[in-house]
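**Student:** Input my_file.pdb, format and content: PDB, N, CA and C atoms, pLDDT in the B column.
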```pdb
ATOM      1  N   MET A1489       0.846  -1.182   0.000  1.00 93.00           N
ATOM      2  CA  MET A1489       0.000   0.000   0.000  1.00 93.00           C
ATOM      3  C   MET A1489       0.886   1.237   0.000  1.00 93.00           C
ATOM      4  N   LYS A1490       0.321   2.301  -0.491  1.00 95.00           N
ATOM      5  CA  LYS A1490       1.001   3.583  -0.517  1.00 95.00           C
ATOM      6  C   LYS A1490       0.087   4.576   0.199  1.00 95.00           C
ATOM      7  N   TYR A1491       0.653   5.376   1.086  1.00 95.00           N
ATOM      8  CA  TYR A1491      -0.112   6.350   1.853  1.00 95.00           C
ATOM      9  C   TYR A1491       0.415   7.746   1.545  1.00 95.00           C
ATOM     10  N   ILE A1492      -0.439   8.591   1.008  1.00 95.00           N
ATOM     11  CA  ILE A1492      -0.090   9.971   0.707  1.00 95.00           C
ATOM     12  C   ILE A1492      -0.738  10.816   1.794  1.00 95.00           C
ATOM     13  N   GLU A1493       0.078  11.502   2.589  1.00 96.00           N
ATOM     14  CA  GLU A1493      -0.411  12.202   3.777  1.00 96.00           C
ATOM     15  C   GLU A1493      -0.027  13.675   3.760  1.00 96.00           C
ATOM     16  N   CYS A1494      -0.940  14.482   4.266  1.00 96.00           N
ATOM     17  CA  CYS A1494      -0.704  15.914   4.416  1.00 96.00           C
ATOM     18  C   CYS A1494      -1.165  16.304   5.814  1.00 96.00           C
ATOM     19  N   GLY A1495      -0.324  17.029   6.546  1.00 95.00           N
ATOM     20  CA  GLY A1495      -0.716  17.456   7.879  1.00 95.00           C
ATOM     21  C   GLY A1495       0.480  17.746   8.752  1.00 95.00           C
ATOM     22  N   ILE A1496       0.202  18.044  10.015  1.00 95.00           N
ATOM     23  CA  ILE A1496       1.271  18.366  10.954  1.00 95.00           C
ATOM     24  C   ILE A1496       1.633  17.135  11.777  1.00 95.00           C
ATOM     25  N   GLY A1497       2.901  17.040  12.134  1.00 91.00           N
ATOM     26  CA  GLY A1497       3.368  15.937  12.969  1.00 91.00           C
ATOM     27  C   GLY A1497       4.306  14.992  12.256  1.00 91.00           C
ATOM     28  N   ASN A1498       4.275  14.965  10.931  1.00 91.00           N
ATOM     29  CA  ASN A1498       5.209  14.141  10.164  1.00 91.00           C
ATOM     30  C   ASN A1498       6.468  14.947   9.873  1.00 91.00           C
ATOM     31  N   ARG A1499       7.449  14.297   9.308  1.00 91.00           N
ATOM     32  CA  ARG A1499       8.711  14.962   8.963  1.00 91.00           C
ATOM     33  C   ARG A1499       8.482  16.069   7.931  1.00 91.00           C
ATOM     34  N   TRP A1500       7.618  15.810   6.930  1.00 94.00           N
ATOM     35  CA  TRP A1500       7.298  16.793   5.899  1.00 94.00           C
ATOM     36  C   TRP A1500       5.802  17.051   5.886  1.00 94.00           C
ATOM     37  N   LEU A1501       5.401  18.238   5.429  1.00 95.00           N
ATOM     38  CA  LEU A1501       3.982  18.590   5.357  1.00 95.00           C
ATOM     39  C   LEU A1501       3.236  17.660   4.397  1.00 95.00           C
ATOM     40  N   LEU A1502       3.847  17.316   3.274  1.00 96.00           N
ATOM     41  CA  LEU A1502       3.278  16.371   2.314  1.00 96.00           C
ATOM     42  C   LEU A1502       4.299  15.258   2.106  1.00 96.00           C
ATOM     43  N   ARG A1503       3.884  14.018   2.346  1.00 96.00           N
ATOM     44  CA  ARG A1503       4.806  12.899   2.194  1.00 96.00           C
ATOM     45  C   ARG A1503       4.077  11.684   1.643  1.00 96.00           C
ATOM     46  N   THR A1504       4.856  10.755   1.098  1.00 96.00           N
ATOM     47  CA  THR A1504       4.337   9.477   0.620  1.00 96.00           C
ATOM     48  C   THR A1504       5.088   8.372   1.346  1.00 96.00           C
ATOM     49  N   GLU A1505       4.340   7.482   1.987  1.00 94.00           N
ATOM     50  CA  GLU A1505       4.927   6.327   2.665  1.00 94.00           C
ATOM     51  C   GLU A1505       4.487   5.080   1.912  1.00 94.00           C
ATOM     52  N   THR A1506       5.446   4.235   1.558  1.00 95.00           N
ATOM     53  CA  THR A1506       5.161   3.012   0.812  1.00 95.00           C
ATOM     54  C   THR A1506       5.478   1.813   1.691  1.00 95.00           C
ATOM     55  N   GLU A1507       4.502   0.917   1.837  1.00 95.00           N
ATOM     56  CA  GLU A1507       4.702  -0.346   2.556  1.00 95.00           C
ATOM     57  C   GLU A1507       4.845  -1.449   1.516  1.00 95.00           C
ATOM     58  N   TRP A1508       6.028  -2.058   1.466  1.00 93.00           N
ATOM     59  CA  TRP A1508       6.324  -3.086   0.480  1.00 93.00           C
ATOM     60  C   TRP A1508       5.840  -4.450   0.961  1.00 93.00           C
ATOM     61  N   PRO A1509       5.596  -5.402   0.061  1.00 93.00           N
ATOM     62  CA  PRO A1509       5.094  -6.730   0.446  1.00 93.00           C
ATOM     63  C   PRO A1509       5.986  -7.479   1.437  1.00 93.00           C
ATOM     64  N   ASP A1510       7.287  -7.177   1.466  1.00 95.00           N
ATOM     65  CA  ASP A1510       8.178  -7.872   2.405  1.00 95.00           C
ATOM     66  C   ASP A1510       8.155  -7.263   3.806  1.00 95.00           C
ATOM     67  N   GLY A1511       7.319  -6.231   4.024  1.00 91.00           N
ATOM     68  CA  GLY A1511       7.170  -5.639   5.348  1.00 91.00           C
ATOM     69  C   GLY A1511       7.978  -4.374   5.570  1.00 91.00           C
ATOM     70  N   THR A1512       8.848  -4.015   4.652  1.00 95.00           N
ATOM     71  CA  THR A1512       9.640  -2.797   4.806  1.00 95.00           C
ATOM     72  C   THR A1512       8.823  -1.578   4.402  1.00 95.00           C
ATOM     73  N   GLU A1513       9.232  -0.433   4.903  1.00 93.00           N
ATOM     74  CA  GLU A1513       8.561   0.826   4.595  1.00 93.00           C
ATOM     75  C   GLU A1513       9.584   1.832   4.106  1.00 93.00           C
ATOM     76  N   THR A1514       9.179   2.639   3.118  1.00 95.00           N
ATOM     77  CA  THR A1514      10.004   3.752   2.672  1.00 95.00           C
ATOM     78  C   THR A1514       9.165   5.012   2.720  1.00 95.00           C
ATOM     79  N   GLU A1515       9.829   6.128   2.922  1.00 95.00           N
ATOM     80  CA  GLU A1515       9.153   7.412   3.066  1.00 95.00           C
ATOM     81  C   GLU A1515       9.863   8.417   2.169  1.00 95.00           C
ATOM     82  N   GLN A1516       9.080   9.235   1.459  1.00 95.00           N
ATOM     83  CA  GLN A1516       9.692  10.260   0.635  1.00 95.00           C
ATOM     84  C   GLN A1516       8.878  11.545   0.677  1.00 95.00           C
ATOM     85  N   LYS A1517       9.562  12.634   0.482  1.00 96.00           N
ATOM     86  CA  LYS A1517       8.939  13.951   0.510  1.00 96.00           C
ATOM     87  C   LYS A1517       8.087  14.147  -0.734  1.00 96.00           C
ATOM     88  N   GLY A1518       6.916  14.732  -0.548  1.00 93.00           N
ATOM     89  CA  GLY A1518       6.049  15.052  -1.668  1.00 93.00           C
ATOM     90  C   GLY A1518       5.164  13.901  -2.099  1.00 93.00           C
ATOM     91  N   LEU A1519       4.607  14.049  -3.288  1.00 92.00           N
ATOM     92  CA  LEU A1519       3.671  13.082  -3.852  1.00 92.00           C
ATOM     93  C   LEU A1519       4.405  12.163  -4.810  1.00 92.00           C
ATOM     94  N   ALA A1520       4.299  10.872  -4.595  1.00 89.00           N
ATOM     95  CA  ALA A1520       4.912   9.888  -5.487  1.00 89.00           C
ATOM     96  C   ALA A1520       3.793   9.106  -6.161  1.00 89.00           C
ATOM     97  N   GLY A1521       3.691   9.240  -7.454  1.00 83.00           N
ATOM     98  CA  GLY A1521       2.613   8.589  -8.187  1.00 83.00           C
ATOM     99  C   GLY A1521       3.050   7.237  -8.704  1.00 83.00           C
ATOM    100  N   PRO A1522       2.199   6.515  -9.364  1.00 90.00           N
ATOM    101  CA  PRO A1522       0.802   6.837  -9.613  1.00 90.00           C
ATOM    102  C   PRO A1522      -0.071   6.528  -8.404  1.00 90.00           C
ATOM    103  N   VAL A1523      -1.233   7.153  -8.361  1.00 91.00           N
ATOM    104  CA  VAL A1523      -2.175   6.965  -7.259  1.00 91.00           C
ATOM    105  C   VAL A1523      -3.339   6.122  -7.756  1.00 91.00           C
ATOM    106  N   LYS A1524      -3.528   4.951  -7.133  1.00 94.00           N
ATOM    107  CA  LYS A1524      -4.660   4.071  -7.423  1.00 94.00           C
ATOM    108  C   LYS A1524      -5.517   4.047  -6.166  1.00 94.00           C
ATOM    109  N   TYR A1525      -6.517   4.883  -6.110  1.00 94.00           N
ATOM    110  CA  TYR A1525      -7.316   5.167  -4.907  1.00 94.00           C
ATOM    111  C   TYR A1525      -7.875   3.896  -4.261  1.00 94.00           C
ATOM    112  N   HIS A1526      -7.711   3.817  -2.946  1.00 95.00           N
ATOM    113  CA  HIS A1526      -8.311   2.760  -2.133  1.00 95.00           C
ATOM    114  C   HIS A1526      -9.266   3.369  -1.113  1.00 95.00           C
ATOM    115  N   SER A1527      -8.815   4.358  -0.349  1.00 96.00           N
ATOM    116  CA  SER A1527      -9.664   5.030   0.640  1.00 96.00           C
ATOM    117  C   SER A1527      -9.013   6.341   1.058  1.00 96.00           C
ATOM    118  N   CYS A1528      -9.786   7.166   1.740  1.00 97.00           N
ATOM    119  CA  CYS A1528      -9.230   8.381   2.339  1.00 97.00           C
ATOM    120  C   CYS A1528      -9.456   8.294   3.847  1.00 97.00           C
ATOM    121  N   TYR A1529      -8.617   9.004   4.604  1.00 97.00           N
ATOM    122  CA  TYR A1529      -8.688   8.896   6.053  1.00 97.00           C
ATOM    123  C   TYR A1529      -8.219  10.177   6.720  1.00 97.00           C
ATOM    124  N   VAL A1530      -8.631  10.320   7.981  1.00 98.00           N
ATOM    125  CA  VAL A1530      -8.146  11.370   8.874  1.00 98.00           C
ATOM    126  C   VAL A1530      -7.619  10.655  10.096  1.00 98.00           C
ATOM    127  N   ARG A1531      -6.411  11.036  10.510  1.00 96.00           N
ATOM    128  CA  ARG A1531      -5.791  10.411  11.684  1.00 96.00           C
ATOM    129  C   ARG A1531      -5.406  11.499  12.673  1.00 96.00           C
ATOM    130  N   VAL A1532      -5.852  11.353  13.908  1.00 97.00           N
ATOM    131  CA  VAL A1532      -5.517  12.289  14.978  1.00 97.00           C
ATOM    132  C   VAL A1532      -4.801  11.490  16.061  1.00 97.00           C
ATOM    133  N   TRP A1533      -3.573  11.891  16.361  1.00 96.00           N
ATOM    134  CA  TRP A1533      -2.728  11.192  17.318  1.00 96.00           C
ATOM    135  C   TRP A1533      -2.388  12.177  18.423  1.00 96.00           C
ATOM    136  N   ILE A1534      -2.871  11.903  19.621  1.00 96.00           N
ATOM    137  CA  ILE A1534      -2.587  12.742  20.793  1.00 96.00           C
ATOM    138  C   ILE A1534      -2.066  11.831  21.897  1.00 96.00           C
ATOM    139  N   GLY A1535      -0.825  12.082  22.316  1.00 95.00           N
ATOM    140  CA  GLY A1535      -0.206  11.216  23.319  1.00 95.00           C
ATOM    141  C   GLY A1535       0.009   9.831  22.761  1.00 95.00           C
ATOM    142  N   ARG A1536      -0.501   8.827  23.441  1.00 96.00           N
ATOM    143  CA  ARG A1536      -0.362   7.440  22.978  1.00 96.00           C
ATOM    144  C   ARG A1536      -1.615   6.925  22.272  1.00 96.00           C
ATOM    145  N   ARG A1537      -2.616   7.750  22.133  1.00 97.00           N
ATOM    146  CA  ARG A1537      -3.888   7.327  21.546  1.00 97.00           C
ATOM    147  C   ARG A1537      -4.039   7.889  20.135  1.00 97.00           C
ATOM    148  N   VAL A1538      -4.503   7.031  19.222  1.00 97.00           N
ATOM    149  CA  VAL A1538      -4.685   7.412  17.824  1.00 97.00           C
ATOM    150  C   VAL A1538      -6.122   7.100  17.420  1.00 97.00           C
ATOM    151  N   TRP A1539      -6.805   8.104  16.862  1.00 97.00           N
ATOM    152  CA  TRP A1539      -8.154   7.938  16.326  1.00 97.00           C
ATOM    153  C   TRP A1539      -8.056   8.007  14.811  1.00 97.00           C
ATOM    154  N   ILE A1540      -8.675   7.044  14.135  1.00 96.00           N
ATOM    155  CA  ILE A1540      -8.628   6.975  12.682  1.00 96.00           C
ATOM    156  C   ILE A1540     -10.053   6.903  12.149  1.00 96.00           C
ATOM    157  N   MET A1541     -10.366   7.813  11.223  1.00 97.00           N
ATOM    158  CA  MET A1541     -11.646   7.799  10.532  1.00 97.00           C
ATOM    159  C   MET A1541     -11.353   7.513   9.064  1.00 97.00           C
ATOM    160  N   ASP A1542     -11.715   6.308   8.608  1.00 96.00           N
ATOM    161  CA  ASP A1542     -11.386   5.837   7.263  1.00 96.00           C
ATOM    162  C   ASP A1542     -12.664   5.644   6.461  1.00 96.00           C
ATOM    163  N   SER A1543     -12.644   5.997   5.169  1.00 96.00           N
ATOM    164  CA  SER A1543     -13.837   5.869   4.337  1.00 96.00           C
ATOM    165  C   SER A1543     -14.218   4.410   4.078  1.00 96.00           C
ATOM    166  N   LYS A1544     -13.282   3.475   4.143  1.00 94.00           N
ATOM    167  CA  LYS A1544     -13.584   2.049   3.930  1.00 94.00           C
ATOM    168  C   LYS A1544     -13.782   1.290   5.234  1.00 94.00           C
ATOM    169  N   GLU A1545     -12.953   1.571   6.237  1.00 92.00           N
ATOM    170  CA  GLU A1545     -12.965   0.790   7.475  1.00 92.00           C
ATOM    171  C   GLU A1545     -13.743   1.437   8.606  1.00 92.00           C
ATOM    172  N   GLY A1546     -14.207   2.668   8.431  1.00 95.00           N
ATOM    173  CA  GLY A1546     -14.960   3.346   9.476  1.00 95.00           C
ATOM    174  C   GLY A1546     -14.050   3.962  10.519  1.00 95.00           C
ATOM    175  N   CYS A1547     -14.569   4.110  11.738  1.00 96.00           N
ATOM    176  CA  CYS A1547     -13.818   4.749  12.825  1.00 96.00           C
ATOM    177  C   CYS A1547     -13.214   3.689  13.739  1.00 96.00           C
ATOM    178  N   LYS A1548     -11.996   3.944  14.180  1.00 95.00           N
ATOM    179  CA  LYS A1548     -11.348   3.043  15.141  1.00 95.00           C
ATOM    180  C   LYS A1548     -10.307   3.832  15.912  1.00 95.00           C
ATOM    181  N   HIS A1549      -9.835   3.267  17.008  1.00 94.00           N
ATOM    182  CA  HIS A1549      -8.760   3.908  17.765  1.00 94.00           C
ATOM    183  C   HIS A1549      -7.761   2.839  18.204  1.00 94.00           C
ATOM    184  N   GLN A1550      -6.520   3.301  18.433  1.00 95.00           N
ATOM    185  CA  GLN A1550      -5.434   2.418  18.819  1.00 95.00           C
ATOM    186  C   GLN A1550      -4.608   3.079  19.908  1.00 95.00           C
ATOM    187  N   ARG A1551      -3.828   2.277  20.595  1.00 96.00           N
ATOM    188  CA  ARG A1551      -2.816   2.788  21.534  1.00 96.00           C
ATOM    189  C   ARG A1551      -1.455   2.452  20.956  1.00 96.00           C
ATOM    190  N   LYS A1552      -0.533   3.397  21.042  1.00 94.00           N
ATOM    191  CA  LYS A1552       0.823   3.223  20.525  1.00 94.00           C
ATOM    192  C   LYS A1552       1.816   3.258  21.684  1.00 94.00           C
ATOM    193  N   GLN A1553       3.030   2.788  21.428  1.00 95.00           N
ATOM    194  CA  GLN A1553       4.073   2.770  22.446  1.00 95.00           C
ATOM    195  C   GLN A1553       4.652   4.156  22.696  1.00 95.00           C
ATOM    196  N   ARG A1554       4.833   4.944  21.636  1.00 93.00           N
ATOM    197  CA  ARG A1554       5.448   6.265  21.814  1.00 93.00           C
ATOM    198  C   ARG A1554       4.396   7.365  21.809  1.00 93.00           C
ATOM    199  N   LYS A1555       4.757   8.484  22.381  1.00 95.00           N
ATOM    200  CA  LYS A1555       3.867   9.640  22.421  1.00 95.00           C
ATOM    201  C   LYS A1555       4.143  10.539  21.223  1.00 95.00           C
ATOM    202  N   ALA A1556       3.075  11.129  20.678  1.00 95.00           N
ATOM    203  CA  ALA A1556       3.223  12.047  19.553  1.00 95.00           C
ATOM    204  C   ALA A1556       1.978  12.914  19.453  1.00 95.00           C
ATOM    205  N   PHE A1557       2.073  13.965  18.634  1.00 96.00           N
ATOM    206  CA  PHE A1557       0.919  14.794  18.290  1.00 96.00           C
ATOM    207  C   PHE A1557       0.914  14.933  16.778  1.00 96.00           C
ATOM    208  N   LYS A1558      -0.150  14.423  16.129  1.00 96.00           N
ATOM    209  CA  LYS A1558      -0.263  14.491  14.681  1.00 96.00           C
ATOM    210  C   LYS A1558      -1.718  14.702  14.306  1.00 96.00           C
ATOM    211  N   ILE A1559      -1.925  15.489  13.268  1.00 97.00           N
ATOM    212  CA  ILE A1559      -3.230  15.617  12.630  1.00 97.00           C
ATOM    213  C   ILE A1559      -2.958  15.454  11.139  1.00 97.00           C
ATOM    214  N   ILE A1560      -3.444  14.351  10.572  1.00 96.00           N
ATOM    215  CA  ILE A1560      -3.100  13.955   9.220  1.00 96.00           C
ATOM    216  C   ILE A1560      -4.368  13.686   8.413  1.00 96.00           C
ATOM    217  N   VAL A1561      -4.370  14.140   7.161  1.00 97.00           N
ATOM    218  CA  VAL A1561      -5.387  13.777   6.178  1.00 97.00           C
ATOM    219  C   VAL A1561      -4.644  13.019   5.099  1.00 97.00           C
ATOM    220  N   GLY A1562      -5.170  11.850   4.688  1.00 96.00           N
ATOM    221  CA  GLY A1562      -4.429  11.051   3.732  1.00 96.00           C
ATOM    222  C   GLY A1562      -5.279  10.244   2.793  1.00 96.00           C
ATOM    223  N   ILE A1563      -4.607   9.690   1.798  1.00 96.00           N
ATOM    224  CA  ILE A1563      -5.217   8.805   0.817  1.00 96.00           C
ATOM    225  C   ILE A1563      -4.417   7.508   0.830  1.00 96.00           C
ATOM    226  N   ALA A1564      -5.114   6.387   0.954  1.00 95.00           N
ATOM    227  CA  ALA A1564      -4.486   5.073   0.831  1.00 95.00           C
ATOM    228  C   ALA A1564      -4.608   4.648  -0.624  1.00 95.00           C
ATOM    229  N   SER A1565      -3.508   4.155  -1.174  1.00 94.00           N
ATOM    230  CA  SER A1565      -3.449   3.801  -2.585  1.00 94.00           C
ATOM    231  C   SER A1565      -2.831   2.433  -2.740  1.00 94.00           C
ATOM    232  N   TYR A1566      -3.247   1.712  -3.777  1.00 93.00           N
ATOM    233  CA  TYR A1566      -2.612   0.439  -4.102  1.00 93.00           C
ATOM    234  C   TYR A1566      -1.263   0.715  -4.747  1.00 93.00           C
ATOM    235  N   LEU A1567      -0.342  -0.237  -4.654  1.00 86.00           N
ATOM    236  CA  LEU A1567       0.975  -0.097  -5.295  1.00 86.00           C
ATOM    237  C   LEU A1567       0.864  -0.186  -6.798  1.00 86.00           C
TER     238      LEU A1567
END
```
Could you write out this file's structure as structure tokens?
**Tutor:**
Amino acid sequence: MKYIECGIGNRWLLRTETEWPDGTETEQKGLAGPVKYHSCYVRVWIGRRVWIMDSKEGCKHQRKQRKAFKIIVGIASYL
């Protein structure tokens, strides 16, 4: 999957994160195409709690090990 994200809390204001089939992840500044739309989402991360509102999966929340503050709007895309 490829995640194109815009918001505060990441290294860059606009970034593309790619998750490869072998489990590795790469991150790059800006938009890396092509984009094959899967879903859009909003992610709010405050402290160790993350709330995710996804157009395909609905609303959910998670707990993470590290603390952070992020407000992200993104698009999930197929590779």
**Student:** Expanded to explicit residues, what is the PyMOL selection byres ((chain A and resi 1491) around 8) for this file, as a list in words?
**Tutor:** Met1489, Lys1490, Ile1492, Glu1493, Cys1494, Arg1503, Thr1504, Glu1505, Thr1506, Glu1507, Ala1520, Gly1562, Ile1563, Ala1564, Ser1565 and Tyr1566 of chain A
**Student:** Pick out the closest residue to Met1541 (chain A) from this set: A:Ile1560, A:Cys1528, A:Gln1553, A:Leu1567. Count all atoms listed in the file.
**Tutor:**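 Counting all atoms listed in the file, the residue closest to Met1541 (chain A) is A:Cys1528.
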**Student:** Any chance you could work out the residue set of the PyMOL selection byres ((chain A and resi 1496) around 8) here, as a PyMOL selection string?
**Tutor:** chain A and resi 1493-1495+1497-1502+1557-1561
**Student:** Dump N, CA and C atoms for the selected residues as a tab-separated table (two decimals), in the coordinates of the input?
**Tutor:**
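The result, stored in part.tsv:
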```tsv
chain	number	residue	atom	x	y	z
A	1493	GLU	N	0.08	11.50	2.59
A	1493	GLU	CA	-0.41	12.20	3.78
A	1493	GLU	C	-0.03	13.68	3.76
A	1494	CYS	N	-0.94	14.48	4.27
A	1494	CYS	CA	-0.70	15.91	4.42
A	1494	CYS	C	-1.16	16.30	5.81
A	1495	GLY	N	-0.32	17.03	6.55
A	1495	GLY	CA	-0.72	17.46	7.88
A	1495	GLY	C	0.48	17.75	8.75
A	1497	GLY	N	2.90	17.04	12.13
A	1497	GLY	CA	3.37	15.94	12.97
A	1497	GLY	C	4.31	14.99	12.26
A	1498	ASN	N	4.28	14.96	10.93
A	1498	ASN	CA	5.21	14.14	10.16
A	1498	ASN	C	6.47	14.95	9.87
A	1499	ARG	N	7.45	14.30	9.31
A	1499	ARG	CA	8.71	14.96	8.96
A	1499	ARG	C	8.48	16.07	7.93
A	1500	TRP	N	7.62	15.81	6.93
A	1500	TRP	CA	7.30	16.79	5.90
A	1500	TRP	C	5.80	17.05	5.89
A	1501	LEU	N	5.40	18.24	5.43
A	1501	LEU	CA	3.98	18.59	5.36
A	1501	LEU	C	3.24	17.66	4.40
A	1502	LEU	N	3.85	17.32	3.27
A	1502	LEU	CA	3.28	16.37	2.31
A	1502	LEU	C	4.30	15.26	2.11
A	1557	PHE	N	2.07	13.96	18.63
A	1557	PHE	CA	0.92	14.79	18.29
A	1557	PHE	C	0.91	14.93	16.78
A	1558	LYS	N	-0.15	14.42	16.13
A	1558	LYS	CA	-0.26	14.49	14.68
A	1558	LYS	C	-1.72	14.70	14.31
A	1559	ILE	N	-1.92	15.49	13.27
A	1559	ILE	CA	-3.23	15.62	12.63
A	1559	ILE	C	-2.96	15.45	11.14
A	1560	ILE	N	-3.44	14.35	10.57
A	1560	ILE	CA	-3.10	13.96	9.22
A	1560	ILE	C	-4.37	13.69	8.41
A	1561	VAL	N	-4.37	14.14	7.16
A	1561	VAL	CA	-5.39	13.78	6.18
A	1561	VAL	C	-4.64	13.02	5.10
```
**Student:** Find the residue from A:Leu1519, A:Glu1513, A:Gln1550, A:Lys1524 that sits nearest to Arg1536 (chain A); use only N, CA and C atoms when measuring.
**Tutor:**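 Result for the nearest residue to Arg1536 (chain A): A:Gln1550.
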**Student:** With all atoms listed in the file as the atoms that count, which of A:Trp1539, A:Arg1554, A:Thr1514, A:Lys1544 lies nearest to His1526 (chain A)?
**Tutor:**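 Of A:Trp1539, A:Arg1554, A:Thr1514, A:Lys1544, the one nearest His1526 (chain A) is A:Lys1544, counting all atoms listed in the file.
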**Student:** Just give me the gap between atom C of Val1538 (chain A) and CA of Lys1552 (chain A) in Å, one decimal is fine.
**Tutor:**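 So the two atoms, atom C of Val1538 (chain A) and CA of Lys1552 (chain A), lie 8.5 Å apart.
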**Student:** Please report, as JSON, the centre and edge lengths in Å to one decimal of an axis-aligned box covering all listed atoms of region 1533-1543 of chain A with 4 Å per side.
**Tutor:**
```
{"center_x": -7.1, "center_y": 8.6, "center_z": 13.8, "size_x": 22.2, "size_y": 16.3, "size_z": 27.4}
```
**Student:** Just how far from CA of Ala1556 (chain A) is CA of Val1532 (chain A), in Å to one decimal?
**Tutor:** 9.9 Å
